[in-house]
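What follows is work.cif (mmCIF, all heavy atoms).
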data_model
#
loop_
_atom_site.label_atom_id
_atom_site.label_comp_id
_atom_site.auth_asym_id
_atom_site.auth_seq_id
_atom_site.Cartn_x
_atom_site.Cartn_y
_atom_site.Cartn_z
N MET A 6 175.51 27.95 100.43
CA MET A 6 174.68 29.14 100.57
C MET A 6 173.22 28.73 100.70
O MET A 6 172.71 27.95 99.90
CB MET A 6 174.88 30.04 99.35
CG MET A 6 174.14 31.32 99.41
SD MET A 6 174.61 32.34 98.00
CE MET A 6 173.17 33.29 97.83
N THR A 7 172.56 29.23 101.70
CA THR A 7 171.14 28.91 101.88
C THR A 7 170.29 30.14 101.62
O THR A 7 170.76 31.26 101.73
CB THR A 7 170.85 28.41 103.30
OG1 THR A 7 171.07 29.48 104.21
CG2 THR A 7 171.73 27.24 103.67
N ASN A 8 169.08 29.90 101.29
CA ASN A 8 168.10 30.96 101.08
C ASN A 8 167.07 30.90 102.20
O ASN A 8 165.88 30.73 101.97
CB ASN A 8 167.43 30.84 99.71
CG ASN A 8 168.38 31.14 98.58
OD1 ASN A 8 169.21 32.03 98.70
ND2 ASN A 8 168.30 30.40 97.51
N GLY A 9 167.53 31.03 103.44
CA GLY A 9 166.67 30.94 104.60
C GLY A 9 165.54 31.94 104.61
O GLY A 9 164.48 31.68 105.17
N TRP A 10 165.75 33.09 103.96
CA TRP A 10 164.69 34.10 103.93
C TRP A 10 163.45 33.58 103.23
O TRP A 10 162.33 34.02 103.52
CB TRP A 10 165.19 35.39 103.27
CG TRP A 10 165.54 35.23 101.83
CD1 TRP A 10 166.74 34.87 101.30
CD2 TRP A 10 164.66 35.41 100.71
NE1 TRP A 10 166.67 34.81 99.94
CE2 TRP A 10 165.41 35.15 99.54
CE3 TRP A 10 163.33 35.77 100.58
CZ2 TRP A 10 164.87 35.22 98.28
CZ3 TRP A 10 162.78 35.86 99.30
CH2 TRP A 10 163.56 35.59 98.17
N LEU A 11 163.61 32.59 102.35
CA LEU A 11 162.45 32.02 101.66
C LEU A 11 161.52 31.29 102.62
O LEU A 11 160.31 31.20 102.37
CB LEU A 11 162.91 31.05 100.57
CG LEU A 11 163.49 31.68 99.31
CD1 LEU A 11 164.09 30.60 98.42
CD2 LEU A 11 162.43 32.46 98.56
N LEU A 12 162.06 30.79 103.72
CA LEU A 12 161.23 30.07 104.69
C LEU A 12 160.27 31.00 105.41
O LEU A 12 159.27 30.55 105.97
CB LEU A 12 162.12 29.37 105.72
CG LEU A 12 163.05 28.30 105.16
CD1 LEU A 12 163.98 27.78 106.25
CD2 LEU A 12 162.25 27.16 104.55
N CYS A 13 160.55 32.30 105.40
CA CYS A 13 159.71 33.29 106.08
C CYS A 13 158.96 34.16 105.09
O CYS A 13 158.55 35.27 105.42
CB CYS A 13 160.58 34.17 106.97
SG CYS A 13 161.46 33.28 108.24
N SER A 14 158.80 33.69 103.87
CA SER A 14 158.18 34.50 102.82
C SER A 14 156.96 33.82 102.23
O SER A 14 156.85 32.60 102.22
CB SER A 14 159.19 34.75 101.70
OG SER A 14 160.33 35.39 102.19
N VAL A 15 156.05 34.66 101.72
CA VAL A 15 154.84 34.18 101.05
C VAL A 15 154.60 35.04 99.82
O VAL A 15 154.69 36.26 99.89
CB VAL A 15 153.61 34.29 101.99
CG1 VAL A 15 152.34 33.90 101.27
CG2 VAL A 15 153.80 33.46 103.24
N VAL A 16 154.32 34.40 98.71
CA VAL A 16 153.93 35.12 97.50
C VAL A 16 152.41 35.07 97.40
O VAL A 16 151.81 34.01 97.62
CB VAL A 16 154.56 34.48 96.24
CG1 VAL A 16 154.04 35.15 94.97
CG2 VAL A 16 156.08 34.57 96.31
N ALA A 17 151.80 36.21 97.12
CA ALA A 17 150.33 36.26 97.03
C ALA A 17 149.91 37.05 95.80
O ALA A 17 150.62 37.93 95.34
CB ALA A 17 149.76 36.91 98.29
N LYS A 18 148.75 36.70 95.29
CA LYS A 18 148.13 37.46 94.21
C LYS A 18 146.89 38.12 94.78
O LYS A 18 145.96 37.44 95.23
CB LYS A 18 147.77 36.54 93.04
CG LYS A 18 147.29 37.30 91.82
CD LYS A 18 147.16 36.37 90.64
CE LYS A 18 146.78 37.15 89.41
NZ LYS A 18 146.65 36.28 88.24
N LEU A 19 146.87 39.44 94.79
CA LEU A 19 145.78 40.20 95.40
C LEU A 19 144.53 40.17 94.53
O LEU A 19 144.62 40.08 93.31
CB LEU A 19 146.23 41.65 95.61
CG LEU A 19 147.51 41.85 96.43
CD1 LEU A 19 147.90 43.32 96.41
CD2 LEU A 19 147.33 41.35 97.84
N HIS A 20 143.37 40.27 95.18
CA HIS A 20 142.10 40.30 94.44
C HIS A 20 141.94 41.60 93.67
O HIS A 20 141.34 41.63 92.60
CB HIS A 20 140.91 40.13 95.39
CG HIS A 20 140.78 38.75 95.91
ND1 HIS A 20 140.25 37.72 95.19
CD2 HIS A 20 141.16 38.22 97.10
CE1 HIS A 20 140.29 36.62 95.91
NE2 HIS A 20 140.83 36.89 97.07
N LYS A 21 142.46 42.68 94.25
CA LYS A 21 142.40 43.97 93.56
C LYS A 21 143.75 44.65 93.69
O LYS A 21 144.53 44.37 94.60
CB LYS A 21 141.30 44.86 94.14
CG LYS A 21 141.54 45.30 95.56
CD LYS A 21 140.45 46.26 96.02
CE LYS A 21 140.82 46.82 97.40
NZ LYS A 21 139.95 47.88 97.81
N LEU A 22 144.04 45.53 92.77
CA LEU A 22 145.31 46.26 92.77
C LEU A 22 145.35 47.23 93.94
O LEU A 22 144.41 48.00 94.14
CB LEU A 22 145.46 47.01 91.44
CG LEU A 22 146.84 47.53 91.11
CD1 LEU A 22 147.86 46.39 91.06
CD2 LEU A 22 146.81 48.25 89.77
N MET A 23 146.39 47.14 94.76
CA MET A 23 146.56 48.00 95.93
C MET A 23 148.01 48.49 95.95
O MET A 23 148.90 47.82 95.43
CB MET A 23 146.28 47.23 97.22
CG MET A 23 144.89 46.69 97.35
SD MET A 23 144.70 45.65 98.81
CE MET A 23 144.79 46.86 100.10
N THR A 24 148.23 49.62 96.60
CA THR A 24 149.60 50.09 96.77
C THR A 24 150.24 49.35 97.94
O THR A 24 149.56 48.82 98.82
CB THR A 24 149.65 51.61 97.05
OG1 THR A 24 149.05 51.87 98.33
CG2 THR A 24 148.94 52.40 95.97
N ILE A 25 151.56 49.33 97.94
CA ILE A 25 152.30 48.70 99.03
C ILE A 25 151.96 49.39 100.35
O ILE A 25 151.79 48.75 101.39
CB ILE A 25 153.81 48.75 98.75
CG1 ILE A 25 154.16 47.94 97.50
CG2 ILE A 25 154.61 48.25 99.95
CD1 ILE A 25 153.78 46.48 97.56
N THR A 26 151.82 50.70 100.30
CA THR A 26 151.47 51.47 101.50
C THR A 26 150.12 51.04 102.06
O THR A 26 149.97 50.88 103.27
CB THR A 26 151.46 52.98 101.19
OG1 THR A 26 152.74 53.34 100.66
CG2 THR A 26 151.18 53.80 102.43
N GLU A 27 149.13 50.83 101.20
CA GLU A 27 147.80 50.37 101.66
C GLU A 27 147.89 49.00 102.33
O GLU A 27 147.27 48.76 103.36
CB GLU A 27 146.84 50.28 100.48
CG GLU A 27 146.38 51.61 99.93
CD GLU A 27 145.53 51.43 98.68
OE1 GLU A 27 145.91 50.67 97.77
OE2 GLU A 27 144.46 52.06 98.64
N ILE A 28 148.67 48.11 101.75
CA ILE A 28 148.83 46.77 102.31
C ILE A 28 149.51 46.85 103.67
O ILE A 28 149.06 46.23 104.65
CB ILE A 28 149.63 45.87 101.35
CG1 ILE A 28 148.87 45.69 100.03
CG2 ILE A 28 149.92 44.52 102.00
CD1 ILE A 28 149.70 45.09 98.92
N GLU A 29 150.59 47.62 103.76
CA GLU A 29 151.32 47.76 105.02
C GLU A 29 150.44 48.39 106.11
O GLU A 29 150.46 47.95 107.26
CB GLU A 29 152.59 48.59 104.82
CG GLU A 29 153.65 47.83 104.04
CD GLU A 29 154.85 48.68 103.70
OE1 GLU A 29 154.75 49.93 103.67
OE2 GLU A 29 155.92 48.08 103.44
N ARG A 30 149.65 49.39 105.75
CA ARG A 30 148.73 50.01 106.72
C ARG A 30 147.72 49.00 107.24
O ARG A 30 147.37 49.00 108.41
CB ARG A 30 148.01 51.20 106.09
CG ARG A 30 148.84 52.42 105.97
CD ARG A 30 148.03 53.57 105.42
NE ARG A 30 148.88 54.71 105.12
CZ ARG A 30 148.63 55.61 104.22
NH1 ARG A 30 147.50 55.55 103.51
NH2 ARG A 30 149.46 56.61 104.01
N GLY A 31 147.23 48.14 106.36
CA GLY A 31 146.29 47.10 106.77
C GLY A 31 146.90 46.16 107.79
O GLY A 31 146.27 45.83 108.80
N PHE A 32 148.13 45.73 107.55
CA PHE A 32 148.80 44.85 108.51
C PHE A 32 149.08 45.57 109.81
O PHE A 32 148.92 45.00 110.89
CB PHE A 32 150.10 44.30 107.92
CG PHE A 32 149.89 43.06 107.09
CD1 PHE A 32 149.89 43.14 105.71
CD2 PHE A 32 149.69 41.83 107.68
CE1 PHE A 32 149.69 42.02 104.93
CE2 PHE A 32 149.49 40.70 106.92
CZ PHE A 32 149.49 40.79 105.54
N LEU A 33 149.50 46.83 109.74
CA LEU A 33 149.77 47.60 110.96
C LEU A 33 148.51 47.77 111.80
O LEU A 33 148.56 47.70 113.02
CB LEU A 33 150.36 48.96 110.61
CG LEU A 33 151.83 48.97 110.20
CD1 LEU A 33 152.24 50.36 109.72
CD2 LEU A 33 152.72 48.53 111.36
N SER A 34 147.38 47.97 111.15
CA SER A 34 146.12 48.14 111.88
C SER A 34 145.71 46.87 112.62
O SER A 34 144.97 46.91 113.58
CB SER A 34 145.00 48.60 110.95
OG SER A 34 144.60 47.54 110.10
N LEU A 35 146.23 45.72 112.15
CA LEU A 35 145.94 44.44 112.80
C LEU A 35 147.05 44.04 113.77
O LEU A 35 147.03 42.93 114.30
CB LEU A 35 145.78 43.35 111.74
CG LEU A 35 144.62 43.53 110.77
CD1 LEU A 35 144.69 42.49 109.66
CD2 LEU A 35 143.30 43.42 111.52
N GLY A 36 148.02 44.93 113.98
CA GLY A 36 149.11 44.65 114.91
C GLY A 36 150.28 43.93 114.28
O GLY A 36 151.17 43.46 114.97
N GLY A 37 150.31 43.84 112.97
CA GLY A 37 151.41 43.16 112.27
C GLY A 37 152.54 44.12 111.92
O GLY A 37 152.55 44.68 110.84
N ASP A 38 153.46 44.30 112.86
CA ASP A 38 154.56 45.23 112.60
C ASP A 38 155.84 44.51 112.21
O ASP A 38 156.89 45.13 112.03
CB ASP A 38 154.81 46.12 113.82
CG ASP A 38 155.15 45.34 115.07
OD1 ASP A 38 155.02 44.10 115.05
OD2 ASP A 38 155.56 45.96 116.05
N ASN A 39 155.80 43.20 112.05
CA ASN A 39 156.99 42.44 111.69
C ASN A 39 156.87 41.85 110.28
O ASN A 39 157.19 40.70 110.04
CB ASN A 39 157.24 41.33 112.71
CG ASN A 39 156.07 40.37 112.81
OD1 ASN A 39 154.98 40.67 112.36
ND2 ASN A 39 156.30 39.22 113.41
N ILE A 40 156.41 42.66 109.35
CA ILE A 40 156.21 42.22 107.98
C ILE A 40 156.76 43.27 107.01
O ILE A 40 156.69 44.47 107.28
CB ILE A 40 154.72 41.95 107.69
CG1 ILE A 40 154.55 41.33 106.32
CG2 ILE A 40 153.88 43.18 107.84
CD1 ILE A 40 153.18 40.76 106.06
N GLN A 41 157.31 42.79 105.93
CA GLN A 41 157.78 43.66 104.87
C GLN A 41 157.08 43.22 103.58
O GLN A 41 156.94 42.02 103.34
CB GLN A 41 159.29 43.52 104.72
CG GLN A 41 159.94 44.55 103.87
CD GLN A 41 161.46 44.44 103.93
OE1 GLN A 41 162.01 43.37 104.16
NE2 GLN A 41 162.13 45.54 103.75
N VAL A 42 156.63 44.16 102.79
CA VAL A 42 155.89 43.87 101.57
C VAL A 42 156.67 44.41 100.38
O VAL A 42 157.12 45.55 100.39
CB VAL A 42 154.47 44.50 101.60
CG1 VAL A 42 153.68 44.09 100.38
CG2 VAL A 42 153.74 44.13 102.88
N ARG A 43 156.81 43.57 99.36
CA ARG A 43 157.50 43.97 98.13
C ARG A 43 156.61 43.68 96.92
O ARG A 43 155.98 42.62 96.84
CB ARG A 43 158.80 43.18 97.96
CG ARG A 43 159.81 43.44 99.04
CD ARG A 43 160.52 44.74 98.77
NE ARG A 43 161.58 44.93 99.72
CZ ARG A 43 161.84 46.07 100.32
NH1 ARG A 43 161.09 47.12 100.07
NH2 ARG A 43 162.83 46.18 101.15
N ALA A 44 156.57 44.62 96.00
CA ALA A 44 155.80 44.43 94.77
C ALA A 44 156.56 43.49 93.84
O ALA A 44 157.78 43.55 93.74
CB ALA A 44 155.58 45.77 94.09
N MET A 45 155.81 42.62 93.17
CA MET A 45 156.40 41.70 92.20
C MET A 45 155.90 41.99 90.79
O MET A 45 156.34 41.37 89.84
CB MET A 45 156.08 40.25 92.58
CG MET A 45 156.71 39.81 93.88
SD MET A 45 156.33 38.11 94.28
CE MET A 45 157.04 37.24 92.90
N GLY A 46 154.97 42.91 90.67
CA GLY A 46 154.41 43.24 89.37
C GLY A 46 152.95 42.86 89.32
O GLY A 46 152.56 41.80 89.80
N GLY A 47 152.13 43.75 88.79
CA GLY A 47 150.69 43.49 88.72
C GLY A 47 150.10 43.38 90.11
O GLY A 47 150.37 44.20 90.98
N ARG A 48 149.33 42.33 90.35
CA ARG A 48 148.71 42.12 91.65
C ARG A 48 149.51 41.17 92.55
O ARG A 48 149.08 40.82 93.63
CB ARG A 48 147.30 41.56 91.46
CG ARG A 48 146.38 42.53 90.76
CD ARG A 48 145.00 41.97 90.60
NE ARG A 48 145.08 40.64 89.96
CZ ARG A 48 144.06 39.82 89.79
NH1 ARG A 48 142.88 40.15 90.18
NH2 ARG A 48 144.22 38.65 89.22
N SER A 49 150.68 40.75 92.10
CA SER A 49 151.52 39.83 92.87
C SER A 49 152.40 40.60 93.85
O SER A 49 153.02 41.61 93.48
CB SER A 49 152.39 38.98 91.95
OG SER A 49 151.60 38.18 91.12
N VAL A 50 152.46 40.10 95.07
CA VAL A 50 153.31 40.72 96.10
C VAL A 50 154.05 39.63 96.87
O VAL A 50 153.61 38.48 96.92
CB VAL A 50 152.49 41.59 97.09
CG1 VAL A 50 151.91 42.81 96.41
CG2 VAL A 50 151.39 40.78 97.73
N LEU A 51 155.15 40.04 97.49
CA LEU A 51 155.93 39.16 98.34
C LEU A 51 155.84 39.67 99.75
O LEU A 51 156.12 40.84 100.01
CB LEU A 51 157.39 39.13 97.88
CG LEU A 51 158.37 38.37 98.76
CD1 LEU A 51 158.08 36.87 98.70
CD2 LEU A 51 159.79 38.65 98.34
N PHE A 52 155.39 38.82 100.67
CA PHE A 52 155.34 39.15 102.09
C PHE A 52 156.51 38.48 102.77
O PHE A 52 156.71 37.27 102.59
CB PHE A 52 154.03 38.66 102.73
CG PHE A 52 152.80 39.30 102.19
CD1 PHE A 52 151.95 38.63 101.33
CD2 PHE A 52 152.47 40.59 102.57
CE1 PHE A 52 150.81 39.22 100.84
CE2 PHE A 52 151.30 41.20 102.07
CZ PHE A 52 150.48 40.51 101.22
N PHE A 53 157.29 39.24 103.51
CA PHE A 53 158.43 38.70 104.25
C PHE A 53 158.19 38.94 105.73
O PHE A 53 158.02 40.08 106.16
CB PHE A 53 159.73 39.37 103.79
CG PHE A 53 160.92 38.94 104.58
CD1 PHE A 53 161.43 37.66 104.42
CD2 PHE A 53 161.54 39.79 105.45
CE1 PHE A 53 162.54 37.25 105.15
CE2 PHE A 53 162.64 39.40 106.20
CZ PHE A 53 163.14 38.13 106.03
N PHE A 54 158.12 37.87 106.49
CA PHE A 54 157.88 37.95 107.93
C PHE A 54 159.20 37.79 108.67
O PHE A 54 159.96 36.89 108.39
CB PHE A 54 156.90 36.84 108.36
CG PHE A 54 155.58 36.93 107.65
CD1 PHE A 54 155.38 36.23 106.47
CD2 PHE A 54 154.57 37.72 108.14
CE1 PHE A 54 154.17 36.30 105.79
CE2 PHE A 54 153.35 37.81 107.48
CZ PHE A 54 153.16 37.09 106.30
N PHE A 55 159.45 38.68 109.63
CA PHE A 55 160.70 38.58 110.41
C PHE A 55 160.44 38.73 111.87
O PHE A 55 159.36 39.00 112.32
CB PHE A 55 161.72 39.62 109.95
CG PHE A 55 161.22 41.02 109.86
CD1 PHE A 55 161.38 41.88 110.95
CD2 PHE A 55 160.57 41.49 108.74
CE1 PHE A 55 160.93 43.18 110.88
CE2 PHE A 55 160.13 42.80 108.67
CZ PHE A 55 160.30 43.64 109.74
#
Could you take the file, read its structure, and then write that structure out as structure tokens?
Amino acid sequence: MTNGWLLCSVVAKLHKLMTITEIERGFLSLGGDNIQVRAMGGRSVLFFFF
């Protein structure tokens, strides 16, 4: 069993607390429509690129 999805993922700690919707809107405004954002708790988020 492989965890290939990890190769397309990034964990980040945000400078300020933001909602997932705010983060997704920011990426969409830059033309990034192939990203999924998941909350990890606090300011930590997981970005998944596909």
Which polymer residues have any atom within 3.5 Å of an atom of range 19-27 of chain A, counting all atoms listed in the file, with same-chain residues fewer than 4 positions away left out, as a ChimeraX atom specification? /A:31,47-48
Could you pull the residues within 4.5 Å of Gln41 in chain A, counting all atoms listed in the file, minus those fewer than 2 positions along the same chain, as a list of chain:residue names?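 That gives A:Asn39, A:Arg43, A:Leu51, A:Phe52, A:Phe53, A:Phe55.
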For the helix (DSSP H, G or I) assignment from backbone DSSP, which residues of chain A qualify? Please present them as a list in words.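 Answer for chain A restricted to helix (DSSP H, G or I) is Gly9, Trp10, Leu11, Leu12, Cys13, Ile25, Thr26, Glu27, Ile28, Glu29, Arg30, Gly31, Phe32, Leu33 and Ser34 of chain A.
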Write the residues you've just listed into a file as a compact mmCIF listing (two decimals), in the frame of the given file, and include all heavy atoms for each of them.
# COMPACT_ATOMS: atom_id res chain seq x y z
N GLY A 9 167.53 31.03 103.44
CA GLY A 9 166.67 30.94 104.60
C GLY A 9 165.54 31.94 104.61
O GLY A 9 164.48 31.68 105.17
N TRP A 10 165.75 33.09 103.96
CA TRP A 10 164.69 34.10 103.93
C TRP A 10 163.45 33.58 103.23
O TRP A 10 162.33 34.02 103.52
CB TRP A 10 165.19 35.39 103.27
CG TRP A 10 165.54 35.23 101.83
CD1 TRP A 10 166.74 34.87 101.30
CD2 TRP A 10 164.66 35.41 100.71
NE1 TRP A 10 166.67 34.81 99.94
CE2 TRP A 10 165.41 35.15 99.54
CE3 TRP A 10 163.33 35.77 100.58
CZ2 TRP A 10 164.87 35.22 98.28
CZ3 TRP A 10 162.78 35.86 99.30
CH2 TRP A 10 163.56 35.59 98.17
N LEU A 11 163.61 32.59 102.35
CA LEU A 11 162.45 32.02 101.66
C LEU A 11 161.52 31.29 102.62
O LEU A 11 160.31 31.20 102.37
CB LEU A 11 162.91 31.05 100.57
CG LEU A 11 163.49 31.68 99.31
CD1 LEU A 11 164.09 30.60 98.42
CD2 LEU A 11 162.43 32.46 98.56
N LEU A 12 162.06 30.79 103.72
CA LEU A 12 161.23 30.07 104.69
C LEU A 12 160.27 31.00 105.41
O LEU A 12 159.27 30.55 105.97
CB LEU A 12 162.12 29.37 105.72
CG LEU A 12 163.05 28.30 105.16
CD1 LEU A 12 163.98 27.78 106.25
CD2 LEU A 12 162.25 27.16 104.55
N CYS A 13 160.55 32.30 105.40
CA CYS A 13 159.71 33.29 106.08
C CYS A 13 158.96 34.16 105.09
O CYS A 13 158.55 35.27 105.42
CB CYS A 13 160.58 34.17 106.97
SG CYS A 13 161.46 33.28 108.24
N ILE A 25 151.56 49.33 97.94
CA ILE A 25 152.30 48.70 99.03
C ILE A 25 151.96 49.39 100.35
O ILE A 25 151.79 48.75 101.39
CB ILE A 25 153.81 48.75 98.75
CG1 ILE A 25 154.16 47.94 97.50
CG2 ILE A 25 154.61 48.25 99.95
CD1 ILE A 25 153.78 46.48 97.56
N THR A 26 151.82 50.70 100.30
CA THR A 26 151.47 51.47 101.50
C THR A 26 150.12 51.04 102.06
O THR A 26 149.97 50.88 103.27
CB THR A 26 151.46 52.98 101.19
OG1 THR A 26 152.74 53.34 100.66
CG2 THR A 26 151.18 53.80 102.43
N GLU A 27 149.13 50.83 101.20
CA GLU A 27 147.80 50.37 101.66
C GLU A 27 147.89 49.00 102.33
O GLU A 27 147.27 48.76 103.36
CB GLU A 27 146.84 50.28 100.48
CG GLU A 27 146.38 51.61 99.93
CD GLU A 27 145.53 51.43 98.68
OE1 GLU A 27 145.91 50.67 97.77
OE2 GLU A 27 144.46 52.06 98.64
N ILE A 28 148.67 48.11 101.75
CA ILE A 28 148.83 46.77 102.31
C ILE A 28 149.51 46.85 103.67
O ILE A 28 149.06 46.23 104.65
CB ILE A 28 149.63 45.87 101.35
CG1 ILE A 28 148.87 45.69 100.03
CG2 ILE A 28 149.92 44.52 102.00
CD1 ILE A 28 149.70 45.09 98.92
N GLU A 29 150.59 47.62 103.76
CA GLU A 29 151.32 47.76 105.02
C GLU A 29 150.44 48.39 106.11
O GLU A 29 150.46 47.95 107.26
CB GLU A 29 152.59 48.59 104.82
CG GLU A 29 153.65 47.83 104.04
CD GLU A 29 154.85 48.68 103.70
OE1 GLU A 29 154.75 49.93 103.67
OE2 GLU A 29 155.92 48.08 103.44
N ARG A 30 149.65 49.39 105.75
CA ARG A 30 148.73 50.01 106.72
C ARG A 30 147.72 49.00 107.24
O ARG A 30 147.37 49.00 108.41
CB ARG A 30 148.01 51.20 106.09
CG ARG A 30 148.84 52.42 105.97
CD ARG A 30 148.03 53.57 105.42
NE ARG A 30 148.88 54.71 105.12
CZ ARG A 30 148.63 55.61 104.22
NH1 ARG A 30 147.50 55.55 103.51
NH2 ARG A 30 149.46 56.61 104.01
N GLY A 31 147.23 48.14 106.36
CA GLY A 31 146.29 47.10 106.77
C GLY A 31 146.90 46.16 107.79
O GLY A 31 146.27 45.83 108.80
N PHE A 32 148.13 45.73 107.55
CA PHE A 32 148.80 44.85 108.51
C PHE A 32 149.08 45.57 109.81
O PHE A 32 148.92 45.00 110.89
CB PHE A 32 150.10 44.30 107.92
CG PHE A 32 149.89 43.06 107.09
CD1 PHE A 32 149.89 43.14 105.71
CD2 PHE A 32 149.69 41.83 107.68
CE1 PHE A 32 149.69 42.02 104.93
CE2 PHE A 32 149.49 40.70 106.92
CZ PHE A 32 149.49 40.79 105.54
N LEU A 33 149.50 46.83 109.74
CA LEU A 33 149.77 47.60 110.96
C LEU A 33 148.51 47.77 111.80
O LEU A 33 148.56 47.70 113.02
CB LEU A 33 150.36 48.96 110.61
CG LEU A 33 151.83 48.97 110.20
CD1 LEU A 33 152.24 50.36 109.72
CD2 LEU A 33 152.72 48.53 111.36
N SER A 34 147.38 47.97 111.15
CA SER A 34 146.12 48.14 111.88
C SER A 34 145.71 46.87 112.62
O SER A 34 144.97 46.91 113.58
CB SER A 34 145.00 48.60 110.95
OG SER A 34 144.60 47.54 110.10
Please write out, as JSON, where the centre of an axis-aligned box around all listed atoms of range 27-41 of chain A lies and how long its edges are, in Å to one decimal, after adding 4 Å on each side.
{"center_x": 152.7, "center_y": 47.9, "center_z": 106.9, "size_x": 26.8, "size_y": 25.4, "size_z": 26.3}
Kindly resolve the PyMOL selection byres ((chain A and resi 14) around 6) on the present coordinates and return the residues as a PyMOL selection string. chain A and resi 10-13+15-16+51-54
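Of note, atom C of Ser34 in chain A and CB of Ser49 in chain A are spaced 23.1 Å apart.
Coordinates place CG of Arg30 in chain A at a distance of 19.0 Å from CA of Met45 in chain A.
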Please indicate the distance in Å from atom C of Val50 in chain A to CD2 of Leu33 in chain A, rounded to one decimal place.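 Computed distance, atom C of Val50 in chain A to CD2 of Leu33 in chain A, equals 17.1 Å.
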Mind the document's chain letters and residue numbers, and return as a PyMOL selection string the residues of chain A that DSSP labels strand (DSSP E). chain A and resi 14-18+40-46+49-54
